[in-house]
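Below you'll find the structure, written out as structure tokens, and then a few comments.
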Amino acid sequence: MTSKIRSAILSALMVAGATSMVFPAQAAAPVATATVAGLPDFADMVDKVGPAVVNIRTTEVVRLGEDGAGGMGGDEEMQEFLRRFFGGQMAPRGRRGAPQQQPEEREVQRGVGSGFIISDDGYVLTNAHVVEGADEVIVTLTDRREFKAKVLGADRRTDVALLKVDARNLPSVRIGDSDRIRAGEWVIAIGSPFNLENTVTAGIISAKSRDTGEYLPLIQSDVAVNPGNSGGPLINMRGEVIGINSQIATLSGAYNGISFAVPIDEVMRVSDQIKKTGKVTRGRMGVQISEVTRDVAEALGLGKARGAEVAMVEPGGPAEKAGVKVGDVILKFNGKDIEKSTDLPRQVGGTPVGTRATITVWRRGAQVELPVTIEELKEEQPEKGNAAKQKKQAPEQAPNALGLQVSDLSAVQKRELKVEGGVLVEVVGGRAATAGIRSGDLILQINNAPVTSAAQFNGLVGKLDPKKSVALLVRRGPASQYIVIKPRP
């Protein structure tokens, strides 16, 4: 832009009453502003909560001087070093009459984690994996005081451990309510990532209940959590602990933008049991379950995908005594809806042993209520062999509309398989093969109708609407599941 043109524009603006004009070549510096409204200030909260967050160091006793157990390795390499640089050779220990050194025990550091004090008399919470296998646990406060901690108990399923240090008048955290949290809330984590004590990171809650296991509906956040943060608190804007930082989703071993915390409500239930009895007791019904898909729900008349499909009933277990059958869909436990299959083990697990509960199941197009007495969950027993390995009867019919040839079960097979009816799949083709049905499977139910014989099954197949999907309850090995066969396009 020439000086003449610039002068002409300025003159015109002044005539028009303008007071200033900034040209692109002369852009003014941005005006400094105050702190952006809406962003949180965590400083006061960290000052208040930080002293109750501790560093946890674990040690292990190892034996030195034994073959491959921490002794001096590379003895041959050491002898070669001496020969080259000193022109001599030292007799290795334990050889040529030299005295044999006795194995030596030495304490070595296993790992570093975090934790937090929940009461002023020295109860500390952390992750079970932080203290697992440790011979000694050292708790360090922010004022540099150190205490040896006793592990009162640990629960692997929830990854929670309760410790106790011999001290009084300690700073402690406030416990929040993890049921009230919302996605999008600001939260912070305090811990010792990479052994950097009392490090504060911030972010938001990404999801409230992320399913990663039977008993762990985890809180997902984008707070930076790294090795060493494990066991530290996840804290809301009210300064309350709402979870224990436990896991990260990573390909590198360090923070990748997704971290998980155990909800504090579950943590406190576990720690209360550990404090009282030294262990955690959970309830069980004795069933194996699977998710109810949309196709299965539609075929069974459920309306929407919900509940937990019973894939196997443990012989002699609480569910079998209550009358639960393979193929039932459990819709409610003690009146509370089962929206996802993972809801059931959590509700049953949290029920006191010996409680008489009521379950509502969907069976053959209708709801049925069954009373069940909850027993204690113990270590899983290995499954027995598949009793379906019986001599097959030769098929006597052509493939039906689903592409299946089936045969009746003998009385011996029914008795050994503990079934009242069903048919054995001999040959698979067509839509059934596409759906994943295999030779040797047992078909126990078609939609809501129980299968009693090959002739009855083929008759039911012949009456099916070819434009609709059909759900078959199929037993394979010890477990059963619904397999949906869709109509041809």
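Labels used: A, B, ... for chains in the order of the structure tokens, numbers from 1 for residues in each chain, and numbers from 1 for ligands as shown.
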Compile the contact shell of A:Val151 as a ChimeraX atom specification: residues with an atom at most 9 Å away, counting only C-alpha atoms, same-chain residues fewer than 2 positions apart removed.
/A:131,137,149,153-154,161-164
Take the residues from that selection and put them in a file with C-alpha atoms, as a short mmCIF file (atom, residue, chain, number, x, y, z; two decimals), in the first residue's frame.
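Written output follows (selection.cif):
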```cif
data_model
loop_
_atom_site.label_atom_id
_atom_site.label_comp_id
_atom_site.auth_asym_id
_atom_site.auth_seq_id
_atom_site.Cartn_x
_atom_site.Cartn_y
_atom_site.Cartn_z
CA VAL A 131 1.90 -54.41 48.21
CA VAL A 137 5.95 -51.85 53.44
CA ALA A 149 2.94 -50.57 57.72
CA GLY A 153 -5.64 -57.61 53.90
CA ALA A 154 -5.84 -57.30 50.14
CA ALA A 161 -5.49 -53.23 50.09
CA LEU A 162 -5.85 -51.88 53.64
CA LEU A 163 -2.72 -51.00 55.64
CA LYS A 164 -2.20 -49.89 59.24
#
```
What's around A:Ser192 at 10 Å? Count only C-alpha atoms, leave out sequence neighbours fewer than 2 positions away in its own chain, and write the answer as a short mmCIF file (atom, residue, chain, number, x, y, z; two decimals) with N, CA and C atoms, in the first residue's frame.
```
data_model
loop_
_atom_site.label_atom_id
_atom_site.label_comp_id
_atom_site.auth_asym_id
_atom_site.auth_seq_id
_atom_site.Cartn_x
_atom_site.Cartn_y
_atom_site.Cartn_z
N VAL A 53 -1.95 -37.78 51.57
CA VAL A 53 -1.51 -38.69 50.50
C VAL A 53 -0.08 -39.12 50.81
N VAL A 54 0.17 -40.42 50.74
CA VAL A 54 1.45 -40.96 51.18
C VAL A 54 2.16 -41.67 50.02
N ASN A 55 3.46 -41.76 50.17
CA ASN A 55 4.29 -42.57 49.29
C ASN A 55 4.45 -43.95 49.94
N ILE A 56 4.32 -44.99 49.13
CA ILE A 56 4.44 -46.36 49.65
C ILE A 56 5.61 -47.05 48.95
N VAL A 112 7.44 -48.81 44.03
CA VAL A 112 6.94 -47.60 44.67
C VAL A 112 5.52 -47.36 44.21
N GLY A 113 4.66 -46.98 45.13
CA GLY A 113 3.28 -46.65 44.80
C GLY A 113 2.80 -45.52 45.67
N SER A 114 1.51 -45.35 45.72
CA SER A 114 0.89 -44.27 46.48
C SER A 114 -0.23 -44.83 47.34
N GLY A 115 -0.72 -44.02 48.23
CA GLY A 115 -1.84 -44.38 49.08
C GLY A 115 -2.38 -43.14 49.74
N ALA A 189 -5.53 -36.02 40.59
CA ALA A 189 -4.86 -37.18 41.18
C ALA A 189 -3.60 -36.69 41.87
N ILE A 190 -3.32 -37.22 43.04
CA ILE A 190 -2.08 -36.92 43.76
C ILE A 190 -1.38 -38.24 44.02
N PHE A 194 6.63 -42.26 38.88
CA PHE A 194 8.08 -42.39 38.67
C PHE A 194 8.86 -41.97 39.92
N ASN A 195 8.26 -42.21 41.11
CA ASN A 195 8.85 -41.90 42.41
C ASN A 195 9.00 -40.40 42.64
N LEU A 196 8.26 -39.58 41.90
CA LEU A 196 8.24 -38.14 42.14
C LEU A 196 7.10 -37.86 43.12
N GLU A 197 7.42 -37.73 44.40
CA GLU A 197 6.40 -37.69 45.43
C GLU A 197 5.52 -36.45 45.33
N ASN A 198 4.26 -36.60 45.74
CA ASN A 198 3.27 -35.53 45.82
C ASN A 198 3.17 -34.73 44.52
N THR A 199 2.98 -35.49 43.44
CA THR A 199 2.76 -34.87 42.14
C THR A 199 1.25 -34.75 41.90
N VAL A 200 0.82 -33.59 41.44
CA VAL A 200 -0.60 -33.33 41.21
C VAL A 200 -0.85 -33.25 39.71
N VAL A 225 -1.96 -40.44 34.83
CA VAL A 225 -1.60 -41.43 35.85
C VAL A 225 -0.50 -42.30 35.26
N ASN A 226 0.59 -42.44 35.99
CA ASN A 226 1.75 -43.18 35.52
C ASN A 226 2.19 -44.18 36.59
N PRO A 227 3.15 -45.08 36.26
CA PRO A 227 3.67 -45.98 37.28
C PRO A 227 4.12 -45.22 38.53
N GLY A 228 3.64 -45.63 39.68
CA GLY A 228 3.89 -44.92 40.93
C GLY A 228 2.65 -44.20 41.44
N ASN A 229 1.73 -43.86 40.52
CA ASN A 229 0.44 -43.27 40.92
C ASN A 229 -0.51 -44.31 41.50
N SER A 230 -0.24 -45.58 41.24
CA SER A 230 -1.15 -46.64 41.68
C SER A 230 -1.40 -46.55 43.18
N GLY A 231 -2.68 -46.59 43.56
CA GLY A 231 -3.05 -46.54 44.97
C GLY A 231 -3.35 -45.16 45.48
N GLY A 232 -3.04 -44.14 44.67
CA GLY A 232 -3.31 -42.77 45.09
C GLY A 232 -4.76 -42.38 44.86
#
```
Taking the DSSP assignment computed from this structure's backbone, write out as a PyMOL selection string all residues of stretch 121-310 of chain A that belong to helix (DSSP H, G or I).
chain A and resi 128-131+178-180+193-195+264-277+294-300
A:Gly403: which residues within 8 Å, counting only C-alpha atoms, same-chain residues fewer than 3 positions away excluded, as a PyMOL selection string?
chain A and resi 399-400+428-433
Which residues come within 8 Å of A:Leu170, counting only C-alpha atoms, excluding same-chain residues fewer than 3 positions away, as a list in words?
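Selected residues are Ala52, Ile117, Ser119, Asp120, Asp121, Gly122 and Ala167 of chain A.
Distances here use only C-alpha atoms; by that measure, the residue among A:Thr342, A:Thr452, A:Gln445, A:Asn256 closest to A:Val292 is A:Thr342.
Nearest to A:Arg346 of all the residues A:Gly283, A:Pro193, A:Gly257, A:Gly307 is A:Gly283, based on only C-alpha atoms.
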With only C-alpha atoms as the atoms that count, which of A:Lys275, A:Arg284, A:Lys48, A:Lys148 lies nearest to A:Leu125?
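With only C-alpha atoms as the atom set, the closest residue is A:Lys275.
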I'd like the neighbourhood of stretch 464-470 of chain A as a VMD selection string, where a residue qualifies if any of its atoms comes within 10 Å (using only C-alpha atoms), though same-chain residues fewer than 5 positions away should be ignored.
chain A and resid 295 to 296 298 to 300 401 to 402 446 to 448 459 482 to 489
For the selection you just gave me, I'd like the residues written to a file as an mmCIF file, in the first residue's frame, keeping C-alpha atoms.
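result-v4.cif written:
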```cif
data_model
loop_
_atom_site.group_PDB
_atom_site.id
_atom_site.type_symbol
_atom_site.label_atom_id
_atom_site.label_comp_id
_atom_site.auth_asym_id
_atom_site.auth_seq_id
_atom_site.Cartn_x
_atom_site.Cartn_y
_atom_site.Cartn_z
ATOM 1 C CA ASP A 295 -31.103 -60.270 18.035
ATOM 2 C CA VAL A 296 -31.634 -62.708 20.914
ATOM 3 C CA GLU A 298 -35.991 -59.736 19.648
ATOM 4 C CA ALA A 299 -36.319 -63.466 18.998
ATOM 5 C CA LEU A 300 -37.316 -64.180 22.616
ATOM 6 C CA ALA A 401 -35.072 -75.137 6.351
ATOM 7 C CA LEU A 402 -32.260 -73.962 8.655
ATOM 8 C CA ILE A 446 -36.026 -72.793 19.553
ATOM 9 C CA ASN A 447 -37.198 -69.260 20.298
ATOM 10 C CA ASN A 448 -39.358 -69.763 23.426
ATOM 11 C CA GLY A 459 -41.922 -79.473 12.806
ATOM 12 C CA TYR A 482 -28.418 -68.430 22.197
ATOM 13 C CA ILE A 483 -27.336 -68.413 18.562
ATOM 14 C CA VAL A 484 -29.455 -66.322 16.213
ATOM 15 C CA ILE A 485 -30.005 -67.527 12.665
ATOM 16 C CA LYS A 486 -30.969 -64.615 10.455
ATOM 17 C CA PRO A 487 -33.199 -64.805 7.368
ATOM 18 C CA ARG A 488 -31.699 -64.808 3.932
ATOM 19 C CA PRO A 489 -31.216 -61.317 2.495
#
```
Pairwise distance for atom CA of A:Ile248 and atom CA of A:Asp44, rounded to one decimal in Å:
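These two atoms are separated by 27.3 Å.
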For atom CA of A:Leu234 and atom CA of A:Ile188, quote the distance in Å rounded to one decimal.
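Between atom CA of A:Leu234 and atom CA of A:Ile188 the gap works out to 5.8 Å.
Near A:Glu185, within 9 Å and counting only C-alpha atoms, sit Gly203, Ile204, Ile205, Ser206, Asn236 and Met237 of chain A, not including residues fewer than 5 positions from it in the same chain.
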Which residue, A:Gly278, A:Pro371, A:Gly317, A:Pro217, has the smallest gap to A:Val262 when you use only C-alpha atoms?
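Smallest separation from A:Val262 among the options: A:Pro217.
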Got a sec: who's within 10 Å of A:Glu320, counting only C-alpha atoms, leaving out chain neighbours fewer than 5 positions off, as a ChimeraX atom specification?
/A:285-287,312-315,325-326,372
Would you export the selected residues with N, CA and C atoms as a tab-separated table (two decimals), in the first residue's frame, please?
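Below you can see out-v8.tsv, which holds the result:
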```tsv
chain	number	residue	atom	x	y	z
A	285	MET	N	-24.32	-67.42	43.04
A	285	MET	CA	-25.53	-68.20	42.73
A	285	MET	C	-25.20	-69.51	42.05
A	286	GLY	N	-24.04	-69.61	41.40
A	286	GLY	CA	-23.69	-70.84	40.71
A	286	GLY	C	-24.20	-70.90	39.29
A	287	VAL	N	-24.03	-69.80	38.55
A	287	VAL	CA	-24.40	-69.80	37.13
A	287	VAL	C	-23.26	-69.16	36.34
A	312	MET	N	-24.88	-71.68	31.81
A	312	MET	CA	-24.64	-72.94	32.50
A	312	MET	C	-25.09	-72.82	33.95
A	313	VAL	N	-25.67	-73.88	34.46
A	313	VAL	CA	-26.10	-73.92	35.87
A	313	VAL	C	-25.25	-74.96	36.59
A	314	GLU	N	-24.60	-74.54	37.65
A	314	GLU	CA	-23.72	-75.44	38.40
A	314	GLU	C	-24.53	-76.52	39.11
A	315	PRO	N	-24.20	-77.78	38.89
A	315	PRO	CA	-24.94	-78.86	39.57
A	315	PRO	C	-24.85	-78.73	41.08
A	325	LYS	N	-32.83	-72.49	35.00
A	325	LYS	CA	-32.52	-73.40	33.90
A	325	LYS	C	-31.67	-72.70	32.86
A	326	VAL	N	-30.89	-73.50	32.15
A	326	VAL	CA	-30.11	-72.97	31.03
A	326	VAL	C	-31.07	-72.37	30.01
A	372	VAL	N	-33.85	-67.75	45.75
A	372	VAL	CA	-32.52	-68.34	45.74
A	372	VAL	C	-31.78	-67.93	47.01
```
Residues of stretch 208-402 of chain A classed as strand (DSSP E) by DSSP on the backbone are to be reported as a PyMOL selection string.
chain A and resi 208-211+217-221+233-235+240-248+259-263+283-284+287-291+308-313+329-333+336-337+356-363+366-373+375-376
